[in-house]
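The structure file run_39.cif is reproduced below (mmCIF, N, CA and C atoms).
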```cif
data_structure
loop_
_atom_site.label_atom_id
_atom_site.label_comp_id
_atom_site.auth_asym_id
_atom_site.auth_seq_id
_atom_site.Cartn_x
_atom_site.Cartn_y
_atom_site.Cartn_z
N MET A 10 11.15 13.69 66.08
CA MET A 10 11.26 14.55 64.92
C MET A 10 10.54 13.89 63.76
N THR A 11 9.62 14.63 63.18
CA THR A 11 8.89 14.10 62.05
C THR A 11 9.35 14.81 60.79
N GLY A 12 9.86 14.09 59.92
CA GLY A 12 10.29 14.66 58.65
C GLY A 12 9.80 13.76 57.53
N SER A 13 9.56 14.35 56.42
CA SER A 13 9.13 13.53 55.29
C SER A 13 10.27 13.44 54.28
N SER A 14 10.57 12.24 53.95
CA SER A 14 11.61 12.04 52.94
C SER A 14 10.92 11.80 51.61
N PRO A 15 11.55 12.23 50.55
CA PRO A 15 10.92 12.04 49.24
C PRO A 15 10.78 10.55 48.92
N GLU A 16 9.71 10.26 48.18
CA GLU A 16 9.51 8.87 47.78
C GLU A 16 10.61 8.48 46.81
N PRO A 17 11.09 7.25 46.93
CA PRO A 17 12.15 6.82 46.00
C PRO A 17 11.61 6.77 44.57
N ARG A 18 12.44 7.20 43.64
CA ARG A 18 12.05 7.18 42.23
C ARG A 18 13.14 6.50 41.42
N ARG A 19 12.72 5.82 40.40
CA ARG A 19 13.66 5.17 39.50
C ARG A 19 13.01 5.06 38.14
N ASP A 20 13.74 5.36 37.10
CA ASP A 20 13.22 5.19 35.75
C ASP A 20 13.26 3.71 35.40
N ILE A 21 12.11 3.20 35.00
CA ILE A 21 12.02 1.80 34.60
C ILE A 21 11.61 1.77 33.14
N PRO A 22 12.39 1.11 32.29
CA PRO A 22 12.08 1.10 30.86
C PRO A 22 10.79 0.32 30.57
N LEU A 23 10.15 0.70 29.48
CA LEU A 23 8.97 -0.01 28.99
C LEU A 23 9.41 -0.98 27.90
N ALA A 24 8.72 -2.10 27.79
CA ALA A 24 9.05 -3.09 26.76
C ALA A 24 7.76 -3.64 26.17
N TRP A 25 7.70 -3.73 24.85
CA TRP A 25 6.56 -4.35 24.16
C TRP A 25 6.71 -5.86 24.33
N VAL A 26 5.81 -6.47 25.05
CA VAL A 26 5.86 -7.91 25.30
C VAL A 26 4.72 -8.58 24.54
N GLY A 27 5.04 -9.56 23.70
CA GLY A 27 4.03 -10.28 22.95
C GLY A 27 3.63 -9.63 21.64
N PHE A 28 4.25 -8.52 21.29
CA PHE A 28 3.89 -7.79 20.06
C PHE A 28 4.04 -8.67 18.83
N ASP A 29 5.13 -9.42 18.74
CA ASP A 29 5.40 -10.24 17.56
C ASP A 29 4.48 -11.45 17.45
N GLU A 30 3.79 -11.80 18.52
CA GLU A 30 2.89 -12.94 18.47
C GLU A 30 1.50 -12.58 17.97
N LEU A 31 1.18 -11.28 17.91
CA LEU A 31 -0.14 -10.87 17.45
C LEU A 31 -0.28 -11.08 15.95
N PRO A 32 -1.48 -11.43 15.49
CA PRO A 32 -1.68 -11.56 14.04
C PRO A 32 -1.65 -10.19 13.38
N ILE A 33 -1.25 -10.16 12.12
CA ILE A 33 -1.24 -8.93 11.35
C ILE A 33 -2.48 -8.94 10.47
N HIS A 34 -3.28 -7.89 10.57
CA HIS A 34 -4.49 -7.75 9.77
C HIS A 34 -4.30 -6.63 8.76
N TYR A 35 -4.70 -6.88 7.53
CA TYR A 35 -4.67 -5.85 6.50
C TYR A 35 -5.83 -4.89 6.78
N ALA A 36 -5.52 -3.61 6.91
CA ALA A 36 -6.54 -2.60 7.17
C ALA A 36 -6.50 -1.55 6.08
N ASN A 37 -7.68 -1.19 5.58
CA ASN A 37 -7.74 -0.17 4.54
C ASN A 37 -8.84 0.87 4.78
N GLN A 38 -9.41 0.86 5.98
CA GLN A 38 -10.44 1.84 6.33
C GLN A 38 -10.18 2.38 7.73
N ILE A 39 -10.33 3.68 7.89
CA ILE A 39 -10.12 4.30 9.20
C ILE A 39 -11.21 5.34 9.42
N ILE A 40 -11.73 5.37 10.63
CA ILE A 40 -12.68 6.41 11.01
C ILE A 40 -12.21 6.99 12.34
N VAL A 41 -12.31 8.31 12.46
CA VAL A 41 -11.92 8.99 13.70
C VAL A 41 -13.11 9.84 14.14
N GLN A 42 -13.49 9.68 15.39
CA GLN A 42 -14.59 10.46 15.96
C GLN A 42 -14.08 11.20 17.19
N TYR A 43 -14.33 12.50 17.21
CA TYR A 43 -13.96 13.30 18.38
C TYR A 43 -15.05 13.11 19.44
N GLN A 44 -14.64 12.87 20.67
CA GLN A 44 -15.56 12.67 21.78
C GLN A 44 -15.65 13.95 22.60
N PRO A 45 -16.83 14.29 23.10
CA PRO A 45 -17.01 15.54 23.85
C PRO A 45 -16.08 15.70 25.05
N GLU A 46 -15.65 14.60 25.66
CA GLU A 46 -14.77 14.72 26.84
C GLU A 46 -13.32 15.00 26.45
N GLY A 47 -13.06 15.18 25.15
CA GLY A 47 -11.72 15.55 24.71
C GLY A 47 -10.87 14.41 24.20
N SER A 48 -11.44 13.24 24.04
CA SER A 48 -10.67 12.12 23.51
C SER A 48 -11.10 11.84 22.07
N PHE A 49 -10.41 10.92 21.45
CA PHE A 49 -10.71 10.52 20.08
C PHE A 49 -10.98 9.02 20.06
N LEU A 50 -11.97 8.63 19.30
CA LEU A 50 -12.28 7.22 19.09
C LEU A 50 -11.86 6.88 17.67
N ILE A 51 -10.96 5.91 17.55
CA ILE A 51 -10.44 5.52 16.24
C ILE A 51 -10.91 4.10 15.94
N GLY A 52 -11.49 3.93 14.77
CA GLY A 52 -11.87 2.60 14.29
C GLY A 52 -11.02 2.25 13.09
N VAL A 53 -10.49 1.04 13.07
CA VAL A 53 -9.69 0.56 11.96
C VAL A 53 -10.38 -0.69 11.43
N GLY A 54 -10.58 -0.73 10.12
CA GLY A 54 -11.31 -1.85 9.56
C GLY A 54 -10.78 -2.27 8.21
N GLN A 55 -11.49 -3.22 7.63
CA GLN A 55 -11.09 -3.82 6.36
C GLN A 55 -12.32 -3.94 5.47
N VAL A 56 -12.16 -3.53 4.24
CA VAL A 56 -13.23 -3.71 3.26
C VAL A 56 -12.66 -4.49 2.08
N LEU A 57 -13.43 -5.44 1.63
CA LEU A 57 -13.07 -6.21 0.44
C LEU A 57 -14.16 -6.01 -0.60
N THR A 58 -13.74 -5.82 -1.82
CA THR A 58 -14.74 -5.64 -2.88
C THR A 58 -15.47 -6.95 -3.11
N PRO A 59 -16.75 -6.87 -3.46
CA PRO A 59 -17.51 -8.10 -3.69
C PRO A 59 -16.96 -8.86 -4.89
N ALA A 60 -17.00 -10.18 -4.80
CA ALA A 60 -16.54 -11.02 -5.91
C ALA A 60 -17.65 -11.08 -6.95
N LEU A 61 -17.37 -10.61 -8.13
CA LEU A 61 -18.32 -10.66 -9.24
C LEU A 61 -17.78 -11.67 -10.25
N ILE A 62 -18.62 -12.64 -10.62
CA ILE A 62 -18.15 -13.75 -11.43
C ILE A 62 -19.00 -13.85 -12.69
N GLY A 63 -18.34 -14.16 -13.82
CA GLY A 63 -19.06 -14.40 -15.07
C GLY A 63 -18.73 -13.39 -16.13
N GLU A 64 -19.61 -13.35 -17.11
CA GLU A 64 -19.48 -12.40 -18.23
C GLU A 64 -19.83 -11.00 -17.73
N PRO A 65 -19.42 -9.97 -18.46
CA PRO A 65 -19.72 -8.60 -18.02
C PRO A 65 -21.20 -8.35 -17.70
N ALA A 66 -22.10 -8.89 -18.49
CA ALA A 66 -23.53 -8.68 -18.24
C ALA A 66 -23.95 -9.36 -16.93
N GLU A 67 -23.39 -10.55 -16.67
CA GLU A 67 -23.70 -11.25 -15.42
C GLU A 67 -23.13 -10.49 -14.22
N MET A 68 -21.94 -9.97 -14.39
CA MET A 68 -21.32 -9.21 -13.31
C MET A 68 -22.13 -7.93 -13.01
N ALA A 69 -22.63 -7.27 -14.08
CA ALA A 69 -23.43 -6.07 -13.89
C ALA A 69 -24.72 -6.40 -13.15
N GLU A 70 -25.32 -7.54 -13.45
CA GLU A 70 -26.55 -7.95 -12.76
C GLU A 70 -26.25 -8.24 -11.28
N GLN A 71 -25.14 -8.92 -11.00
CA GLN A 71 -24.75 -9.19 -9.62
C GLN A 71 -24.53 -7.87 -8.86
N LEU A 72 -23.91 -6.92 -9.53
CA LEU A 72 -23.62 -5.63 -8.91
C LEU A 72 -24.90 -4.87 -8.57
N ASP A 73 -25.94 -5.05 -9.39
CA ASP A 73 -27.22 -4.41 -9.12
C ASP A 73 -27.82 -4.87 -7.79
N HIS A 74 -27.46 -6.06 -7.34
CA HIS A 74 -28.02 -6.61 -6.10
C HIS A 74 -27.17 -6.27 -4.86
N VAL A 75 -26.06 -5.60 -5.07
CA VAL A 75 -25.21 -5.22 -3.93
C VAL A 75 -25.79 -3.94 -3.32
N GLU A 76 -26.28 -4.03 -2.09
CA GLU A 76 -26.86 -2.86 -1.42
C GLU A 76 -25.79 -2.01 -0.74
N PHE A 77 -24.77 -2.66 -0.20
CA PHE A 77 -23.65 -1.96 0.42
C PHE A 77 -22.49 -2.93 0.53
N VAL A 78 -21.30 -2.38 0.72
CA VAL A 78 -20.11 -3.19 0.94
C VAL A 78 -19.72 -3.01 2.40
N PRO A 79 -19.71 -4.09 3.17
CA PRO A 79 -19.44 -3.95 4.61
C PRO A 79 -17.97 -3.69 4.91
N ILE A 80 -17.76 -2.88 5.95
CA ILE A 80 -16.43 -2.69 6.51
C ILE A 80 -16.38 -3.55 7.77
N ARG A 81 -15.44 -4.46 7.84
CA ARG A 81 -15.28 -5.33 9.01
C ARG A 81 -14.34 -4.65 10.00
N PRO A 82 -14.84 -4.28 11.18
CA PRO A 82 -13.97 -3.64 12.16
C PRO A 82 -12.90 -4.60 12.68
N LEU A 83 -11.69 -4.10 12.81
CA LEU A 83 -10.58 -4.87 13.36
C LEU A 83 -10.25 -4.45 14.78
N VAL A 84 -10.33 -3.12 15.02
CA VAL A 84 -10.01 -2.61 16.35
C VAL A 84 -10.68 -1.25 16.53
N ARG A 85 -11.03 -0.97 17.77
CA ARG A 85 -11.57 0.34 18.15
C ARG A 85 -10.76 0.80 19.35
N VAL A 86 -10.17 1.99 19.25
CA VAL A 86 -9.26 2.49 20.27
C VAL A 86 -9.65 3.91 20.65
N ALA A 87 -9.62 4.21 21.94
CA ALA A 87 -9.83 5.57 22.42
C ALA A 87 -8.49 6.16 22.82
N LEU A 88 -8.20 7.37 22.36
CA LEU A 88 -6.94 8.04 22.66
C LEU A 88 -7.23 9.42 23.24
N THR A 89 -6.42 9.83 24.21
CA THR A 89 -6.52 11.20 24.70
C THR A 89 -6.02 12.14 23.60
N GLU A 90 -6.30 13.41 23.76
CA GLU A 90 -5.83 14.38 22.77
C GLU A 90 -4.30 14.38 22.70
N GLN A 91 -3.63 14.29 23.85
CA GLN A 91 -2.16 14.26 23.86
C GLN A 91 -1.62 13.02 23.14
N THR A 92 -2.22 11.88 23.39
CA THR A 92 -1.77 10.65 22.73
C THR A 92 -2.06 10.72 21.23
N MET A 93 -3.17 11.35 20.85
CA MET A 93 -3.49 11.51 19.43
C MET A 93 -2.44 12.39 18.75
N ARG A 94 -1.99 13.44 19.43
CA ARG A 94 -0.93 14.30 18.87
C ARG A 94 0.38 13.51 18.74
N GLU A 95 0.68 12.68 19.73
CA GLU A 95 1.89 11.84 19.67
C GLU A 95 1.78 10.86 18.51
N LEU A 96 0.60 10.28 18.31
CA LEU A 96 0.39 9.36 17.19
C LEU A 96 0.62 10.07 15.86
N ALA A 97 0.08 11.28 15.73
CA ALA A 97 0.26 12.05 14.50
C ALA A 97 1.75 12.32 14.24
N ALA A 98 2.49 12.65 15.28
CA ALA A 98 3.93 12.91 15.13
C ALA A 98 4.68 11.64 14.74
N VAL A 99 4.32 10.52 15.35
CA VAL A 99 4.98 9.24 15.02
C VAL A 99 4.66 8.85 13.58
N LEU A 100 3.42 9.05 13.15
CA LEU A 100 3.06 8.72 11.77
C LEU A 100 3.82 9.60 10.78
N ASP A 101 3.89 10.90 11.05
CA ASP A 101 4.63 11.82 10.17
C ASP A 101 6.11 11.42 10.08
N ALA A 102 6.71 11.12 11.22
CA ALA A 102 8.13 10.73 11.24
C ALA A 102 8.33 9.41 10.50
N SER A 103 7.41 8.48 10.65
CA SER A 103 7.53 7.18 9.98
C SER A 103 7.41 7.33 8.47
N ILE A 104 6.51 8.18 8.02
CA ILE A 104 6.36 8.42 6.58
C ILE A 104 7.61 9.08 6.02
N ALA A 105 8.15 10.06 6.74
CA ALA A 105 9.38 10.73 6.29
C ALA A 105 10.53 9.74 6.20
N LYS A 106 10.65 8.87 7.20
CA LYS A 106 11.72 7.86 7.19
C LYS A 106 11.54 6.88 6.03
N ALA A 107 10.29 6.48 5.76
CA ALA A 107 10.03 5.57 4.64
C ALA A 107 10.37 6.24 3.31
N ASP A 108 10.04 7.53 3.18
CA ASP A 108 10.39 8.26 1.96
C ASP A 108 11.90 8.30 1.75
N GLN A 109 12.65 8.52 2.83
CA GLN A 109 14.11 8.54 2.74
C GLN A 109 14.64 7.18 2.31
N ARG A 110 14.08 6.11 2.86
CA ARG A 110 14.54 4.77 2.50
C ARG A 110 14.24 4.47 1.04
N LYS A 111 13.07 4.91 0.55
CA LYS A 111 12.73 4.70 -0.86
C LYS A 111 13.73 5.40 -1.76
N ASP A 112 14.10 6.64 -1.39
CA ASP A 112 15.08 7.38 -2.19
C ASP A 112 16.43 6.67 -2.20
N THR A 113 16.79 6.04 -1.08
CA THR A 113 18.04 5.31 -0.99
C THR A 113 18.00 4.05 -1.85
N LEU A 114 16.84 3.38 -1.85
CA LEU A 114 16.71 2.13 -2.60
C LEU A 114 16.63 2.39 -4.10
N ASP A 115 16.00 3.50 -4.52
CA ASP A 115 15.88 3.83 -5.94
C ASP A 115 16.45 5.22 -6.16
N PRO A 116 17.75 5.30 -6.44
CA PRO A 116 18.40 6.60 -6.59
C PRO A 116 17.92 7.37 -7.82
N ARG A 117 17.14 6.74 -8.71
CA ARG A 117 16.67 7.42 -9.89
C ARG A 117 15.61 8.47 -9.55
N GLY A 118 14.97 8.34 -8.40
CA GLY A 118 13.96 9.32 -7.99
C GLY A 118 12.57 8.97 -8.52
N ASP A 119 11.65 9.90 -8.34
CA ASP A 119 10.25 9.68 -8.69
C ASP A 119 9.97 9.82 -10.18
N ASP A 120 10.87 10.41 -10.94
CA ASP A 120 10.61 10.71 -12.33
C ASP A 120 10.72 9.50 -13.24
N GLN A 121 11.20 8.38 -12.74
CA GLN A 121 11.43 7.22 -13.57
C GLN A 121 10.12 6.43 -13.72
N PRO A 122 9.91 5.83 -14.91
CA PRO A 122 8.70 5.01 -15.11
C PRO A 122 8.72 3.74 -14.33
#
```
Would you encode the structure as structure tokens?
Amino acid sequence: MTGSSPEPRRDIPLAWVGFDELPIHYANQIIVQYQPEGSFLIGVGQVLTPALIGEPAEMAEQLDHVEFVPIRPLVRVALTEQTMRELAAVLDASIAKADQRKDTLDPRGDDQP
């Protein structure tokens, strides 16, 4: 007698391993590019303003020689459309939670100086 039994299944939890050991980079630039195959390419980077030193006239002269300010890439990630939607939902929920915490920490609200 040949019968097929279902493959055994078990839910196994996921765990972030090594997350706390990674360095934290300050990021202030983001670029998102839609890819024809339906995924998104996300670049996260850092830009620092050029250091201008001296009197205002000297600083203006230094600024005249600045052709561009570079963005230093920190990470480039490709996400499926589904994962991109999940990221958007997580970001929205995180911002809402942060707003609630701010209101709890400062009961005076946004109207205070």
The PyMOL selection byres ((chain A and resi 54-63) around 6.5) on the file shown: which residues, as an MDAnalysis selection string?
chainID A and resid 35:40 52:53 64:68 79:84
Can you list every residue in region 20-121 of chain A that DSSP puts in strand (DSSP E), as a ChimeraX atom specification? /A:38-43,48-56,80-89
(Q) Suppose a student applies the PyMOL selection byres (((chain A and resi 86 and name CA) around 8) and name CA) to this structure; what residues should they get, written as a PyMOL selection string? (A) chain A and resi 50-52+84-85+87-88
Out of region 17-68 of chain A, which residues get alpha helix (DSSP H) from DSSP, as an MDAnalysis selection string? chainID A and resid 65:68
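Going from CA of Ala97 (chain A) to atom C of Glu46 (chain A) covers 18.3 Å.
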key: Distance in Å - CA of Val75 (chain A) versus CA of His34 (chain A)   =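 CA of His34 (chain A) lies 25.0 Å from CA of Val75 (chain A).
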With only C-alpha atoms as the basis for distance, which of A:Ser48, A:Gly27, A:Ile33, A:Asp115 is at the shortest distance from Gln91 (chain A)?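 That would be A:Ser48, the residue with the smallest distance to Gln91 (chain A).
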Please compute the atom C of Pro45 (chain A)-atom C of Asp101 (chain A) distance, one decimal, in Å.
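Pair atom C of Pro45 (chain A) / atom C of Asp101 (chain A) returns 27.1 Å.
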